[in-house]
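Trainee: I'd like to ask some things about the structure below.
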Amino acid sequence: MSVIKFGTSGWRGIISDTFTFGNVDLAAHAIAQHLDENPPANARKLLIVGHDTRFLSRAFAIRCAEIAAGYGFTVWLTDRDAPTPVIAHSIRVHKASGGINITASHNPAEWNGLKFNESNGAPCLPETANAIEGRANALADQPLPVGHQPKAVKIFNPLPGYFIQLRKLIDFAALKKHPKKAVVDLMFGTGRGYLDELLARSGWKVDALHGKPDPLFGNGHPEPIQENLGELLARLTKSKAALGLGLDPDADRFAIVDRDGTFINANQVLALALYHLVKNRHWTGAVVRTVATSHLVDAVARQFGVKVHETPVGFKYIGALMESEPIIVGGEESGGLSVKGHVPEKDGILACLLMAELVAYEGRALGSILKEIQGWA
């Protein structure tokens with residue numbers, strides 16, 4: 001049986017069962033060897049390493065950083081837990097060979113995982129994942145190699161660079177011109193100090209929930225879906241906020257709740273994002289969705305004369321297409337979204353800010369806009 005097996009978004013396992021220091025060592029050696037023998041074009045011999053708020057995540061990340069350094073890589077380790085899209089952006093902007101992120105995304109607390117992003121910041125493609133799996137599983141039957149003399153691992157803060165990137169994509173002037181109130185569920189994860197801070201800097205009143213790291217996620221399930229957002233819904237109704245926003249622990253998935261408590265699903269958010277970026281921001285290009293995503297976005301595309309692309313399930317396929325042609329927005333049914341000029345990776349922080357921006361532009365509830373869109377279907 002394979003020791004390391006990548007799914008649609010990295011390798012995951014139960015902590016101390018299959019997700020152990022021994023197996024993480026195998027994965028880190030395999031990644032370092034793969035990159036050493038197949039260096040990406042125009043990339044530095046640099047690896048970005050980060051992690052989420054789960055049990056032992058930083059210890060696993062440090063182990064990966066030390067192993068990669070042993071192969072002669074310069075390694076930058078995030079100074080604290082960091083969102084997946086922030087790590088992806090750091091890989092891209094610093095021209096790194098790739099990045100390792102210790103996270104099990106929205107899985108329950110007993111899980112942990114490892115994501116590998118390639119030099120463009122995108123989730124690794126199947127051929128890369130297969131190569132890493134093969135190396136890791138081969139290494140399981142032999143003594144692990146000793147690398148070169150390790151270089152020091154540098155601790156760095158990826159937040160300022162990511163904020164600079166978002167200022168290129170989000171119309172913060174519109175948010176400041178029309179400030180509102182939002183209830184934000186950070187789900188004890190990496191999104192704290194990112195989504196809540198950016199909204200607060202824009203003059204929005206932010207009611208932030210679960211903003212302290214907790215590896216047990218408040219004894220709840222940290223997937224940002226309707227049945228897990230009861231506290232957000234209660235606070236939204238009580239406070240009469242304009243919007244409810246949520247992130248999963250590594251902040252690549254999002255939750256959007258309208259001011260009346262109606263949950264806006266990922267299919268609808270993709271349609272709303274395309275509507276906004278074409279109608280209000282005048283962006284041009286195409287849209288991409290997975291085969292499992294609803295065709296509501298197709299109705300918006302027809303209305304504005306935008307081409308629609310369809311990919312297999314998995315954001316890595318969306319990301320690959322976003323690298324090859326101008327895509328206004330790409331998204332999937334499971335809560336992943338990115339836009340033109342950004343990383344080819346899911347970004348829940350960006351998605352939430354786009355919905356806040358849409359409310360600021362239109363001055364009406366998301367449900368009202370959705371009703372208009374549904375009339376085109």
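Identifiers in this document derive from the order of the structure tokens: chains are assigned A, B, ..., residues are numbered from 1 separately in each chain, and ligands are numbered from 1 in order of occurrence.
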Give me the residues of region 117-192 of chain A that have any atom at most 10 Å from an atom of region 247-269 of chain A; for each, the nearest atom pair and the distance in Å, rounded to one decimal. Use only C-alpha atoms, sort by chain and number, and format it as a tab-separated table.

Mentor:
residue	atom	partner	partner_atom	distance
A:Lys181	CA	A:Arg259	CA	9.8
A:Ala182	CA	A:Arg259	CA	9.0
A:Val183	CA	A:Val257	CA	9.2
A:Val184	CA	A:Leu247	CA	8.2
A:Asp185	CA	A:Leu247	CA	6.5
A:Leu186	CA	A:Leu247	CA	5.5
A:Met187	CA	A:Pro249	CA	6.1
A:Phe188	CA	A:Pro249	CA	6.6
A:Gly189	CA	A:Pro249	CA	4.0
A:Thr190	CA	A:Asp250	CA	5.4
A:Gly191	CA	A:Ala251	CA	5.5
A:Arg192	CA	A:Ala251	CA	9.3

Trainee: Could you name the residues that touch region 89-99 of chain A at 9 Å or less, counting only C-alpha atoms, but leaving out those on the same chain fewer than 2 positions away, as a ChimeraX atom specification?

Mentor: /A:35,39-50,84-87,101,115-122,158,161-162,165,342-343,345

Trainee: Just checking: using only C-alpha atoms, which residue out of A:Ile369, A:Gly348, A:His29, A:Arg80 ends up closest to Ala65 (chain A)?

Mentor: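 Among the listed residues, the smallest separation from Ala65 (chain A) belongs to A:His29.
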
Trainee: Sort by chain and increasing residue number a table of all residues of region 56-171 of chain A within 12 Å of region 215-220 of chain A, each with its closest pair of atoms and their distance in Å to one decimal, counting only C-alpha atoms, and write it as a tab-separated table.

Mentor:
residue	atom	partner	partner_atom	distance
A:Leu56	CA	A:Pro215	CA	8.8
A:Ser57	CA	A:Pro215	CA	9.2
A:Arg58	CA	A:Pro215	CA	11.5
A:Asp81	CA	A:Pro215	CA	11.6
A:Thr103	CA	A:Pro215	CA	11.3
A:Ala104	CA	A:Pro215	CA	11.5
A:His106	CA	A:Phe217	CA	10.3
A:Asn107	CA	A:Phe217	CA	10.4
A:Pro108	CA	A:Gly220	CA	7.8
A:Ala109	CA	A:Leu216	CA	5.2
A:Glu110	CA	A:Leu216	CA	8.1
A:Trp111	CA	A:Pro215	CA	10.2
A:Asn112	CA	A:Pro215	CA	10.4

Trainee: Residues at most 8 Å from Ile155 (chain A), counting only C-alpha atoms, excluding those fewer than 2 positions away in the same chain, as a PyMOL selection string?

Mentor: chain A and resi 76-79+153+157

Trainee: In Å to one decimal, how far is CA of Ala27 (chain A) from CA of Ile4 (chain A)?

Mentor: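 Here the two named atoms are 7.1 Å from each other.
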
Trainee: What does the structure give for the distance between CA of Gly246 (chain A) and CA of Leu195 (chain A), in Å to one decimal?

Mentor: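 If I compute the distance from CA of Gly246 (chain A) to CA of Leu195 (chain A), I get 9.3 Å.
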